[in-house]
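Chemist: Data: final_27.txt, compact mmCIF, C-alpha atoms.
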```txt
# COMPACT_ATOMS: atom_id res chain seq x y z
CA MET A 19 0.00 0.00 0.00
CA ARG A 20 1.16 3.53 -0.98
CA GLY A 21 0.45 5.01 2.38
CA ALA A 22 2.48 2.39 4.37
CA ALA A 23 5.87 3.32 5.74
CA PRO A 24 8.78 1.22 4.53
CA GLU A 25 10.34 -1.30 7.03
CA THR A 26 13.63 -0.19 8.59
CA ALA A 27 16.78 -2.44 8.94
CA ALA A 28 16.35 -2.71 12.72
CA SER A 29 13.09 -4.38 12.38
CA ALA A 30 14.10 -6.78 9.64
CA PRO A 31 14.38 -10.49 10.74
CA THR A 32 17.98 -11.97 10.88
CA GLY A 33 17.15 -15.74 11.38
CA LYS A 34 18.65 -15.77 14.99
CA PRO A 35 16.93 -14.87 18.13
CA ALA A 36 18.12 -11.72 19.66
CA ALA A 37 20.51 -12.17 22.56
CA LYS A 38 19.15 -11.21 25.87
CA LYS A 39 21.11 -8.76 27.86
CA GLY A 40 23.13 -10.28 30.60
CA ALA A 41 22.94 -13.99 29.35
CA PRO A 42 26.30 -15.96 29.03
CA THR A 43 27.68 -16.30 25.61
CA GLU A 44 29.11 -19.52 24.01
CA LYS A 45 32.66 -18.22 24.21
CA SER A 46 32.43 -17.47 27.87
CA VAL A 47 31.04 -20.96 28.58
CA ALA A 48 33.87 -22.58 26.60
CA ARG A 49 36.46 -20.57 28.50
CA LYS A 50 35.02 -21.75 31.86
CA ALA A 51 34.82 -25.42 30.78
CA ALA A 52 38.46 -25.62 29.60
CA PRO A 53 40.12 -25.71 33.09
CA ALA A 54 37.71 -28.43 34.23
CA LYS A 55 38.59 -30.62 31.26
CA LYS A 56 42.31 -30.20 31.99
CA ALA A 57 41.82 -31.25 35.59
CA VAL A 58 39.90 -34.38 34.54
CA ALA A 59 42.64 -35.22 32.01
CA LYS A 60 45.35 -34.91 34.68
CA LYS A 61 43.42 -37.20 37.02
CA ALA A 62 42.99 -39.79 34.27
CA ALA A 63 46.71 -39.69 33.40
CA SER A 64 47.73 -40.16 37.02
CA ALA A 65 45.25 -43.05 37.35
CA GLU A 66 46.78 -44.74 34.32
CA LYS A 67 50.27 -44.52 35.84
CA ALA A 68 49.13 -45.93 39.19
CA ALA A 69 47.05 -48.76 37.70
CA PRO A 70 48.88 -52.09 37.07
CA ALA A 71 49.53 -53.00 33.49
CA LYS A 72 46.77 -55.05 31.99
CA PRO A 73 47.72 -58.39 30.49
CA ARG A 74 47.91 -58.56 26.79
CA ALA A 75 45.42 -60.46 24.76
CA GLY A 76 46.38 -64.09 24.92
CA GLY A 77 47.37 -64.04 28.59
CA GLY A 78 50.89 -62.60 28.29
CA ALA A 79 51.93 -60.16 30.99
CA THR A 80 53.28 -56.78 30.10
CA LYS A 81 57.05 -56.73 30.40
CA PRO A 82 58.43 -54.19 32.84
CA ALA A 83 60.53 -51.45 31.39
CA ALA A 84 64.17 -52.35 31.23
CA SER A 85 66.35 -50.65 33.81
CA THR A 86 68.75 -48.19 32.43
CA LYS A 87 71.30 -48.95 35.22
CA PRO A 88 74.12 -51.36 34.21
CA ALA A 89 73.88 -54.86 35.85
CA LYS A 90 76.45 -55.68 38.55
CA PRO A 91 78.86 -58.46 37.61
CA ALA A 92 78.19 -61.80 39.40
CA ALA A 93 80.40 -62.48 42.40
CA THR A 94 83.17 -64.97 41.75
CA VAL A 95 82.56 -68.24 43.67
CA ARG A 96 85.78 -69.45 45.20
CA PRO A 97 86.22 -73.23 45.49
CA ALA A 98 86.08 -74.59 49.04
CA LYS A 99 89.42 -75.39 50.56
CA PRO A 100 89.97 -79.13 51.02
CA ALA A 101 89.90 -80.33 54.62
CA LYS A 102 93.30 -80.75 56.14
CA PRO A 103 94.20 -84.40 56.63
CA ALA A 104 94.47 -85.54 60.21
CA LYS A 105 97.96 -85.25 61.54
CA PRO A 106 99.52 -88.71 61.71
CA GLU A 107 100.18 -89.99 65.20
CA SER A 108 103.82 -89.81 66.16
CA ARG A 109 105.58 -92.89 67.43
CA LEU A 110 105.97 -91.34 70.85
CA ALA A 111 102.23 -90.61 71.02
CA MET A 112 101.46 -94.19 69.94
CA ILE A 113 103.72 -95.63 72.64
CA ARG A 114 102.09 -93.48 75.29
CA ARG A 115 98.62 -94.49 74.11
CA ALA A 116 99.61 -98.19 74.02
CA ARG A 117 100.96 -98.12 77.55
CA ARG A 118 97.87 -96.35 78.76
CA ILE A 119 95.74 -99.10 77.18
CA ASN A 120 97.76 -101.65 79.12
CA ARG A 121 97.17 -99.75 82.38
CA GLU A 122 93.45 -99.47 81.68
CA LEU A 123 93.17 -103.18 80.89
CA ALA A 124 95.00 -103.98 84.12
CA GLU A 125 92.15 -102.29 85.99
CA VAL A 126 89.46 -104.00 83.91
CA PHE A 127 91.03 -107.48 84.09
CA PRO A 128 93.08 -107.65 87.32
CA TYR A 129 92.45 -111.41 87.31
CA ALA A 130 93.75 -112.06 83.77
CA HIS A 131 95.47 -115.43 83.56
CA PRO A 132 96.16 -118.31 81.15
CA GLU A 133 92.84 -119.98 80.41
CA LEU A 134 94.18 -123.51 80.25
CA ASP A 135 93.95 -125.77 83.29
CA PHE A 136 97.35 -127.18 84.31
CA ARG A 137 99.22 -128.34 87.40
CA ASN A 138 102.79 -128.45 86.06
CA PRO A 139 104.85 -127.39 83.01
CA PHE A 140 104.24 -130.71 81.23
CA GLU A 141 100.46 -130.37 81.43
CA LEU A 142 100.64 -126.75 80.27
CA LEU A 143 102.85 -127.70 77.33
CA VAL A 144 100.55 -130.49 76.17
CA ALA A 145 97.38 -128.42 76.72
CA THR A 146 98.81 -125.52 74.69
CA VAL A 147 99.63 -127.80 71.76
CA LEU A 148 96.09 -129.21 71.89
CA SER A 149 94.56 -125.70 71.93
CA ALA A 150 95.44 -125.09 68.27
CA GLN A 151 92.29 -124.59 66.16
CA THR A 152 89.94 -125.08 69.09
CA THR A 153 88.82 -123.35 72.29
CA ASP A 154 90.54 -123.48 75.64
CA LEU A 155 87.24 -124.69 77.07
CA ARG A 156 87.25 -127.77 74.83
CA VAL A 157 90.86 -128.50 75.82
CA ASN A 158 90.06 -128.10 79.51
CA GLN A 159 87.19 -130.55 79.16
CA THR A 160 89.48 -133.04 77.41
CA THR A 161 92.76 -133.00 79.35
CA PRO A 162 91.51 -134.39 82.71
CA ALA A 163 91.05 -137.84 81.21
CA LEU A 164 94.27 -137.58 79.19
CA PHE A 165 96.44 -136.70 82.18
CA ALA A 166 94.69 -139.24 84.39
CA GLN A 167 95.76 -141.90 81.88
CA TYR A 168 99.20 -140.47 81.04
CA PRO A 169 100.45 -138.19 83.85
CA THR A 170 104.14 -138.06 82.79
CA PRO A 171 106.11 -137.67 79.55
CA GLU A 172 107.28 -141.28 79.90
CA ASP A 173 103.69 -142.51 80.13
CA LEU A 174 102.51 -140.53 77.12
CA ALA A 175 105.55 -141.48 75.03
CA ALA A 176 104.77 -145.17 75.58
CA ALA A 177 101.03 -144.87 74.88
CA VAL A 178 99.11 -146.58 72.08
CA PRO A 179 98.44 -143.85 69.49
CA GLU A 180 94.88 -145.00 68.79
CA GLU A 181 93.99 -144.67 72.45
CA VAL A 182 95.43 -141.17 72.64
CA GLU A 183 93.53 -140.23 69.49
CA GLU A 184 90.30 -141.34 71.05
CA LEU A 185 90.94 -139.25 74.16
CA ILE A 186 91.76 -136.02 72.34
CA ARG A 187 89.28 -136.43 69.48
CA PRO A 188 87.04 -133.54 70.73
CA THR A 189 89.87 -131.02 70.16
CA GLY A 190 89.94 -131.64 66.40
CA PHE A 191 92.86 -132.67 64.16
CA PHE A 192 93.31 -135.45 66.69
CA ARG A 193 95.66 -137.59 64.58
CA ALA A 194 98.15 -134.78 63.95
CA LYS A 195 97.90 -133.64 67.56
CA THR A 196 98.47 -137.18 68.81
CA LYS A 197 101.67 -137.36 66.78
CA SER A 198 102.82 -134.01 68.19
CA ILE A 199 102.19 -134.65 71.89
CA MET A 200 103.58 -138.19 71.78
CA GLY A 201 106.62 -136.88 69.89
CA LEU A 202 107.31 -134.09 72.38
CA ALA A 203 106.82 -136.53 75.26
CA ALA A 204 109.44 -138.83 73.74
CA ALA A 205 111.81 -135.89 73.25
CA LEU A 206 111.39 -134.83 76.87
CA ARG A 207 112.07 -138.39 77.99
CA ASP A 208 115.08 -138.90 75.76
CA ASP A 209 116.70 -135.46 75.62
CA HIS A 210 115.64 -133.59 78.75
CA GLY A 211 115.40 -136.21 81.48
CA GLY A 212 111.62 -136.15 81.44
CA GLU A 213 111.49 -132.45 82.28
CA VAL A 214 110.22 -129.48 80.27
CA PRO A 215 113.13 -127.17 79.44
CA GLY A 216 112.98 -123.54 80.49
CA ARG A 217 114.69 -122.03 77.43
CA LEU A 218 113.08 -120.77 74.25
CA GLU A 219 115.66 -122.37 71.96
CA ASP A 220 115.04 -125.80 73.51
CA LEU A 221 111.26 -125.56 73.53
CA VAL A 222 110.89 -124.62 69.86
CA LYS A 223 112.80 -127.78 68.89
CA LEU A 224 110.06 -129.99 70.35
CA PRO A 225 107.46 -131.44 67.95
CA GLY A 226 104.40 -129.20 67.60
CA VAL A 227 105.94 -126.34 69.61
CA GLY A 228 106.33 -122.87 68.09
CA ARG A 229 107.16 -119.49 69.56
CA LYS A 230 103.61 -118.87 70.77
CA THR A 231 103.44 -122.16 72.66
CA ALA A 232 106.95 -121.66 74.01
CA PHE A 233 106.15 -118.21 75.41
CA VAL A 234 102.96 -119.51 77.05
CA VAL A 235 105.02 -122.14 78.86
CA LEU A 236 107.92 -119.83 79.70
CA GLY A 237 105.75 -117.02 80.99
CA ASN A 238 103.31 -119.10 83.05
CA ALA A 239 105.38 -122.08 84.17
CA PHE A 240 108.83 -120.53 84.54
CA GLY A 241 108.18 -116.80 85.04
CA VAL A 242 110.18 -115.85 81.95
CA PRO A 243 108.60 -112.80 80.23
CA GLY A 244 107.23 -113.42 76.75
CA ILE A 245 104.63 -112.07 74.32
CA THR A 246 102.01 -114.58 73.22
CA VAL A 247 100.89 -113.60 69.72
CA ASP A 248 97.72 -115.61 69.16
CA THR A 249 94.82 -114.69 66.88
CA HIS A 250 93.30 -112.30 69.45
CA PHE A 251 96.58 -110.54 70.14
CA MET A 252 97.26 -110.12 66.42
CA ARG A 253 93.81 -108.65 65.78
CA LEU A 254 93.92 -106.12 68.60
CA ALA A 255 97.52 -105.06 68.00
CA ARG A 256 96.50 -104.10 64.46
CA ARG A 257 93.25 -102.40 65.54
CA TRP A 258 95.15 -100.33 68.06
CA ARG A 259 97.83 -99.52 65.45
CA TRP A 260 100.67 -100.95 67.43
CA THR A 261 101.69 -102.67 64.22
CA GLU A 262 100.67 -102.98 60.58
CA SER A 263 102.16 -106.43 60.13
CA ASP A 264 100.27 -109.71 59.96
CA ASP A 265 103.38 -111.79 60.65
CA PRO A 266 103.33 -113.11 64.25
CA VAL A 267 107.12 -112.91 64.60
CA LYS A 268 107.22 -109.29 63.39
CA ILE A 269 104.28 -108.35 65.61
CA GLU A 270 106.05 -109.88 68.59
CA ALA A 271 109.22 -107.89 67.85
CA GLU A 272 107.38 -104.59 67.27
CA VAL A 273 105.23 -104.87 70.40
CA ALA A 274 108.31 -105.84 72.44
CA GLU A 275 109.79 -102.44 71.57
CA ILE A 276 106.72 -100.61 72.95
CA PHE A 277 106.50 -102.20 76.40
CA PRO A 278 109.08 -102.98 79.05
CA LYS A 279 110.03 -106.64 79.26
CA SER A 280 108.49 -107.01 82.71
CA ASP A 281 105.02 -106.30 81.21
CA TRP A 282 105.12 -108.83 78.39
CA THR A 283 103.42 -111.83 80.00
CA MET A 284 100.58 -109.97 81.74
CA LEU A 285 100.12 -107.71 78.69
CA SER A 286 99.48 -110.86 76.65
CA HIS A 287 96.86 -112.12 79.11
CA ARG A 288 95.06 -108.75 79.26
CA VAL A 289 94.94 -108.28 75.49
CA ILE A 290 93.71 -111.85 74.95
CA PHE A 291 91.09 -111.48 77.69
CA HIS A 292 89.85 -108.25 76.07
CA GLY A 293 89.73 -109.85 72.64
CA ARG A 294 87.76 -112.86 73.86
CA ARG A 295 85.25 -110.91 75.93
CA ILE A 296 84.75 -107.50 74.30
CA CYS A 297 86.75 -106.78 71.15
CA HIS A 298 85.52 -109.69 69.03
CA ALA A 299 86.65 -110.34 65.48
CA ARG A 300 83.28 -109.93 63.73
CA LYS A 301 81.18 -107.89 66.16
CA PRO A 302 83.26 -105.83 68.57
CA ALA A 303 81.22 -104.53 71.51
CA CYS A 304 82.39 -100.93 71.07
CA GLY A 305 79.53 -99.52 73.14
CA ALA A 306 80.62 -101.58 76.16
CA CYS A 307 84.37 -101.09 75.75
CA PRO A 308 86.24 -99.36 78.61
CA ILE A 309 89.01 -97.97 76.36
CA THR A 310 87.03 -96.32 73.56
CA ALA A 311 88.87 -93.02 74.03
CA LEU A 312 92.16 -94.77 73.26
CA CYS A 313 90.98 -96.96 70.37
CA PRO A 314 91.52 -95.76 66.76
CA ALA A 315 89.10 -98.46 65.57
CA TYR A 316 86.15 -97.35 67.69
CA GLY A 317 82.94 -97.63 65.66
CA GLU A 318 83.84 -100.80 63.77
CA GLY A 319 81.40 -102.65 66.00
CA GLU A 320 78.12 -102.00 67.82
CA THR A 321 78.25 -98.61 69.56
CA ASP A 322 74.86 -98.70 71.27
CA PRO A 323 75.62 -99.55 74.92
CA GLU A 324 72.57 -101.76 75.39
CA LYS A 325 73.14 -103.74 72.21
CA ALA A 326 76.87 -103.95 72.82
CA GLY A 327 76.27 -105.28 76.32
CA LYS A 328 74.56 -108.31 74.83
CA LEU A 329 77.73 -109.17 72.90
CA LEU A 330 79.92 -109.56 76.00
CA LYS A 331 81.21 -113.05 76.77
CA TYR A 332 82.30 -115.10 79.76
CA GLU A 333 82.26 -113.32 83.12
CA LYS A 334 81.69 -109.92 81.47
CA GLY A 335 78.43 -111.21 80.03
CA GLY A 336 77.44 -113.24 83.09
CA TYR A 337 78.51 -116.59 81.61
CA PRO A 338 80.88 -119.30 82.87
CA GLY A 339 84.57 -118.97 82.05
CA GLN A 340 86.79 -121.43 80.16
CA ARG A 341 88.63 -123.04 83.06
CA LEU A 342 87.14 -125.85 85.08
CA ASN A 343 89.53 -124.87 87.88
CA PRO A 344 90.06 -121.10 87.61
CA PRO A 345 92.27 -119.09 89.98
CA ALA A 346 90.77 -118.06 93.30
CA ASP A 347 90.47 -114.39 92.29
CA TYR A 348 88.48 -115.13 89.12
CA PRO A 349 85.09 -113.39 89.52
CA GLY A 350 83.15 -115.60 87.13
CA ARG A 351 81.77 -119.12 87.31
CA PRO A 352 83.92 -122.16 86.48
CA ALA A 353 83.39 -123.88 83.15
CA PRO A 354 81.27 -127.03 83.12
CA PRO A 355 82.93 -130.40 82.52
CA ALA A 356 82.58 -132.25 79.24
CA PRO A 357 79.02 -133.30 78.38
CA GLY A 358 78.13 -136.55 80.11
CA VAL A 359 80.87 -136.18 82.75
CA ALA A 360 79.83 -135.40 86.33
CA PRO A 361 81.59 -132.43 88.00
CA GLY A 362 84.79 -133.63 89.65
CA ALA A 363 84.80 -136.93 87.77
CA VAL A 364 87.70 -138.00 85.61
CA GLN A 365 86.82 -138.70 82.00
CA THR A 366 88.18 -141.98 80.65
CA PRO A 367 88.49 -143.02 77.02
CA SER A 368 85.88 -145.26 75.53
CA GLY A 369 86.89 -148.91 75.87
CA ALA A 370 89.28 -148.26 78.78
CA GLU A 371 88.90 -150.28 81.94
```
Let's see the structure in the file written out as structure tokens.
Modeler:
Amino acid sequence: MRGAAPETAASAPTGKPAAKKGAPTEKSVARKAAPAKKAVAKKAASAEKAAPAKPRAGGGATKPAASTKPAKPAATVRPAKPAKPAKPESRLAMIRRARRINRELAEVFPYAHPELDFRNPFELLVATVLSAQTTDLRVNQTTPALFAQYPTPEDLAAAVPEEVEELIRPTGFFRAKTKSIMGLAAALRDDHGGEVPGRLEDLVKLPGVGRKTAFVVLGNAFGVPGITVDTHFMRLARRWRWTESDDPVKIEAEVAEIFPKSDWTMLSHRVIFHGRRICHARKPACGACPITALCPAYGEGETDPEKAGKLLKYEKGGYPGQRLNPPADYPGRPAPPAPGVAPGAVQTPSGAE
């Protein structure tokens, strides 16, 4: 219409609503939200550092970051020093130990004695020859009948061999032993006036008599010192390291250098007593031994005291000894006579009147 006034620019529409006065603009809102976003981002970053690494797909753990510090070299392992070997015992120390053993055994066996029954040198000589390869007990159960039948060298030299064999059969090797004792009886009759000689050189010339038998007779019938190297003495002398030899003559010579001559006879009895009662060949009773502190071989046998006590023999184990007529100071019980022979009776050979 002609009369209408034209519209001015202020009133013309712009497509946006007019901003109210005092309302926040988009820029101002963005500026306020920016610090909050930064704070959230910092918190998230710190949470990621503190959180443990998640395992990778497939179960593998995340490897830790390699240290930048250089690894210390491994310490060198020095080989252990070998143990020093035990200092070998000097000869002087061995002699002192050996003599102390003898003194200790003298206290343990003050009643040590020859374990063959005899009334004179002739009976001791014959009994010692018969004791080869058998026990003294078996000899002691055999000789009463033998000496009742043949009390002198002249009687035995004139005996019938078969009758002597029958009498000594229980001792074993009776034929060879019969030849020996009848031969020595004849030699005593013919060469020594029916008497046993008191010299080593004369004794060892008799049939069946060696150095061991000669020293038994000399030491116990004549009072001449001597070392009796029987199987027990040999075993213990080696166990105690008095010698390394297994030759009886060498053992005798080496032991003779350790002890004074006056000790030889009783030393022999004590060592043999200890070997028969405590220090056995197969099962030594180490746990019941009175000289363990002096024995280099301690531990070869039973060390438990209770078990070792059951291995003791003769009077040490509460059993009878080997002699039917032991010395008065012997603390054990006498040995029983031969089976079938009443105590105190004289055994006679079968077929004898």
Chemist: Enumerate, in order of chain and increasing residue number, the residues of region 168-256 of chain A with an atom no farther than 10 Å from region 122-132 of chain A, each with its shortest atom pair and distance in Å to one decimal, counting only C-alpha atoms, as a Markdown table.
Modeler:
```
| residue | atom | partner | partner_atom | distance |
| --- | --- | --- | --- | --- |
| A:Val234 | CA | A:Pro132 | CA | 8.0 |
| A:Val235 | CA | A:Pro132 | CA | 9.9 |
| A:Gly237 | CA | A:Pro132 | CA | 9.7 |
| A:Asn238 | CA | A:Pro132 | CA | 7.4 |
```
Chemist: Based on the selection just made, write C-alpha atoms of those residues as an mmCIF file, in the coordinates of the input.
Modeler:
```
data_model
loop_
_atom_site.group_PDB
_atom_site.id
_atom_site.type_symbol
_atom_site.label_atom_id
_atom_site.label_comp_id
_atom_site.auth_asym_id
_atom_site.auth_seq_id
_atom_site.Cartn_x
_atom_site.Cartn_y
_atom_site.Cartn_z
ATOM 1 C CA VAL A 234 102.960 -119.510 77.050
ATOM 2 C CA VAL A 235 105.020 -122.140 78.860
ATOM 3 C CA GLY A 237 105.750 -117.020 80.990
ATOM 4 C CA ASN A 238 103.310 -119.100 83.050
#
```
Chemist: I'd like the interatomic distance between CA of Val147 (chain A) and CA of Pro345 (chain A), to a tenth of an Å.
Modeler: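 Spanning CA of Val147 (chain A) to CA of Pro345 (chain A) is a straight-line distance of 21.5 Å.
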Chemist: Interatomic distance between CA of Val273 (chain A) and CA of Thr249 (chain A)?
Modeler: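 Interatomic distance, CA of Val273 (chain A) to CA of Thr249 (chain A): 14.7 Å.
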Chemist: Give the padded box for region 327-334 of chain A as lines of an AutoDock Vina configuration file: axis-aligned, covering all atoms listed in the file, 5 Å on each side, centre and edge lengths in Å to one decimal.
Modeler:
```
center_x = 78.4
center_y = -110.2
center_z = 78.0
size_x = 17.7
size_y = 19.8
size_z = 20.2
```
Chemist: Between A:Phe240, A:Phe140, A:Tyr168, A:Trp282, which one has atoms that come closest to Glu270 (chain A), using only C-alpha atoms?
Modeler: A:Trp282
Chemist: How many Å separate CA of Glu213 (chain A) from CA of Pro139 (chain A)?
Modeler: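 Separation of CA of Glu213 (chain A) and CA of Pro139 (chain A): 8.4 Å.
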Chemist: Could you name the residues that touch Val157 (chain A) at 7 Å or less, counting all atoms listed in the file, but leaving out those on the same chain fewer than 6 positions away, as a list in words?
Modeler: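 The filter keeps Ala145, Leu148, Ser149 and Thr189 of chain A.
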Chemist: Could those selected residues go to a file with C-alpha atoms, as a PDB file, in the coordinates of the input?
Modeler:
```pdb
ATOM      1  CA  ALA A 145      97.380-128.420  76.720  1.00  0.00           C
ATOM      2  CA  LEU A 148      96.090-129.210  71.890  1.00  0.00           C
ATOM      3  CA  SER A 149      94.560-125.700  71.930  1.00  0.00           C
ATOM      4  CA  THR A 189      89.870-131.020  70.160  1.00  0.00           C
TER       5      THR A 189
END
```
Chemist: I'd like the neighbourhood of Gly335 (chain A) as a PDB file with C-alpha atoms, in the coordinates of the input, where a residue qualifies if any of its atoms comes within 12 Å (using all atoms listed in the file), though same-chain residues fewer than 2 positions away should be ignored.
Modeler:
```pdb
ATOM      1  CA  ARG A 294      87.760-112.860  73.860  1.00  0.00           C
ATOM      2  CA  ARG A 295      85.250-110.910  75.930  1.00  0.00           C
ATOM      3  CA  ILE A 296      84.750-107.500  74.300  1.00  0.00           C
ATOM      4  CA  ALA A 303      81.220-104.530  71.510  1.00  0.00           C
ATOM      5  CA  ALA A 306      80.620-101.580  76.160  1.00  0.00           C
ATOM      6  CA  ALA A 326      76.870-103.950  72.820  1.00  0.00           C
ATOM      7  CA  GLY A 327      76.270-105.280  76.320  1.00  0.00           C
ATOM      8  CA  LYS A 328      74.560-108.310  74.830  1.00  0.00           C
ATOM      9  CA  LEU A 329      77.730-109.170  72.900  1.00  0.00           C
ATOM     10  CA  LEU A 330      79.920-109.560  76.000  1.00  0.00           C
ATOM     11  CA  LYS A 331      81.210-113.050  76.770  1.00  0.00           C
ATOM     12  CA  TYR A 332      82.300-115.100  79.760  1.00  0.00           C
ATOM     13  CA  GLU A 333      82.260-113.320  83.120  1.00  0.00           C
ATOM     14  CA  TYR A 337      78.510-116.590  81.610  1.00  0.00           C
ATOM     15  CA  PRO A 338      80.880-119.300  82.870  1.00  0.00           C
ATOM     16  CA  GLY A 339      84.570-118.970  82.050  1.00  0.00           C
ATOM     17  CA  PRO A 349      85.090-113.390  89.520  1.00  0.00           C
ATOM     18  CA  GLY A 350      83.150-115.600  87.130  1.00  0.00           C
ATOM     19  CA  ARG A 351      81.770-119.120  87.310  1.00  0.00           C
TER      20      ARG A 351
END
```
Chemist: Excluding Pro352 (chain A) and any residue of its chain fewer than 2 positions from it, enumerate the residues within 9 Å of it, using all atoms listed in the file, and give them as a PyMOL selection string.
Modeler: chain A and resi 338-344+348+350+354
Chemist: Restricting the calculation to only C-alpha atoms: of A:Arg137, A:Arg187, A:Arg259, A:Arg193, which residue gets closest to Thr160 (chain A)?
Modeler: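 With only C-alpha atoms as the atom set, the closest residue is A:Arg187.
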Chemist: For each of A:Ile309, A:Met284, A:Val144, A:Ile113, take the minimum atom-to-atom distance to Pro243 (chain A), counting all atoms listed in the file, then give the residue where this is smallest.
Modeler: A:Met284
Chemist: With region 214-223 of chain A as the partner and 10 Å as the cut-off, tabulate the residues of region 154-207 of chain A that qualify, each row holding the nearest pair of atoms and their distance in Å to one decimal, using all atoms listed in the file, sorted by chain and rising number, as a tab-separated table.
Modeler:
```
residue	atom	partner	partner_atom	distance
A:Pro171	CA	A:Val214	CA	9.2
A:Leu202	CA	A:Lys223	CA	9.1
A:Ala203	CA	A:Val214	CA	9.3
A:Ala205	CA	A:Lys223	CA	9.3
A:Leu206	CA	A:Val214	CA	6.4
A:Arg207	CA	A:Val214	CA	9.4
```
